[in-house]
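Shown next, in structure tokens, is the structure this report addresses.
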Amino acid sequence: MCFFSREQLIFDVTRQLSAVRTETIILCGRHDVQCPVDFSIEMSELIPNASIHIFEKINHYPFLEEEFEFKEVLKRVI
């Protein structure tokens, strides 16, 4: 995790998020240690017309940890 902490300071594309023009849904886990939920919330606020779904009980892999809810969310947005 130390590598990721260092990398986030070097590879910051936050200022470029407003240029995203693709329909975007951000799926994240409330307890994600690799991409903390605050980062996902920030992305959803900076990407125009982005939506966010936070899986309340999981870490980093919603398609594994909350497979049913993950599929339901995808059905709603597709």
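The way I read the labels, and the way they are meant: chains A, B, ... in the order of the structure tokens, residue 1 as the first residue of every chain, and ligand 1 as the first ligand shown, with later ones counted on from there.
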Strand (DSSP E) per DSSP on the backbone: members of chain A, as a list in words: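 Assigned to strand (DSSP E), within chain A: Ile25, Ile26, Leu27, Cys28, Gly29, Ser51, Ile52, His53, Ile54 and Phe55 of chain A.
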Residues within 12 Å of A:Arg76, only C-alpha atoms, excluding chain neighbours under 5 positions, as a list in words: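 My reading of the contact set: Ile25, Ser51, His53, Glu69, Phe70 and Lys71 of chain A.
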Shell of 12 Å around A:Arg15, only C-alpha atoms, local chain residues under 5 positions omitted, as a VMD selection string: chain A and resid 20 42 to 43 45 to 47
Non-local contacts of A:Glu66 (10 Å; only C-alpha atoms; under 6 positions in same chain excluded) as a list of chain:residue names: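 Residues meeting the cut-off are A:Gly29, A:Phe55, A:Glu56, A:Lys57, A:Ile58, A:Asn59.
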Interatomic distance, atom CA of A:Glu23 to atom CA of A:Glu72 (Å, one decimal):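 Separating atom CA of A:Glu23 from atom CA of A:Glu72 is a distance of 18.2 Å.
Atom to atom, atom CA of A:Leu27 and atom CA of A:Tyr61 stand 9.4 Å apart.
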A:Val37, A:Ala19, A:Val77, A:Cys28 ranked by distance to A:His60, top pick (using only C-alpha atoms):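 Using only C-alpha atoms, A:His60 sits closest to A:Cys28.
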Helix (DSSP H, G or I) call set, DSSP backbone run, chain A, as a ChimeraX atom specification: /A:2-10,14-19,37-46,62-65,67-77
Atom CA of A:Phe11 to atom CA of A:Pro48, distance in Å rounded to a single decimal: 21.0 Å
Top pick for closest residue to A:Asn49, considering A:Ile78, A:Val13, A:Cys35, A:Ile26 and counting only C-alpha atoms: A:Ile26
Minimum-distance residue to A:Ser18, chosen among A:Ser44, A:Asp38, A:Val73, A:Pro62 (using only C-alpha atoms):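 Of A:Ser44, A:Asp38, A:Val73, A:Pro62, the one nearest A:Ser18, counting only C-alpha atoms, is A:Ser44.
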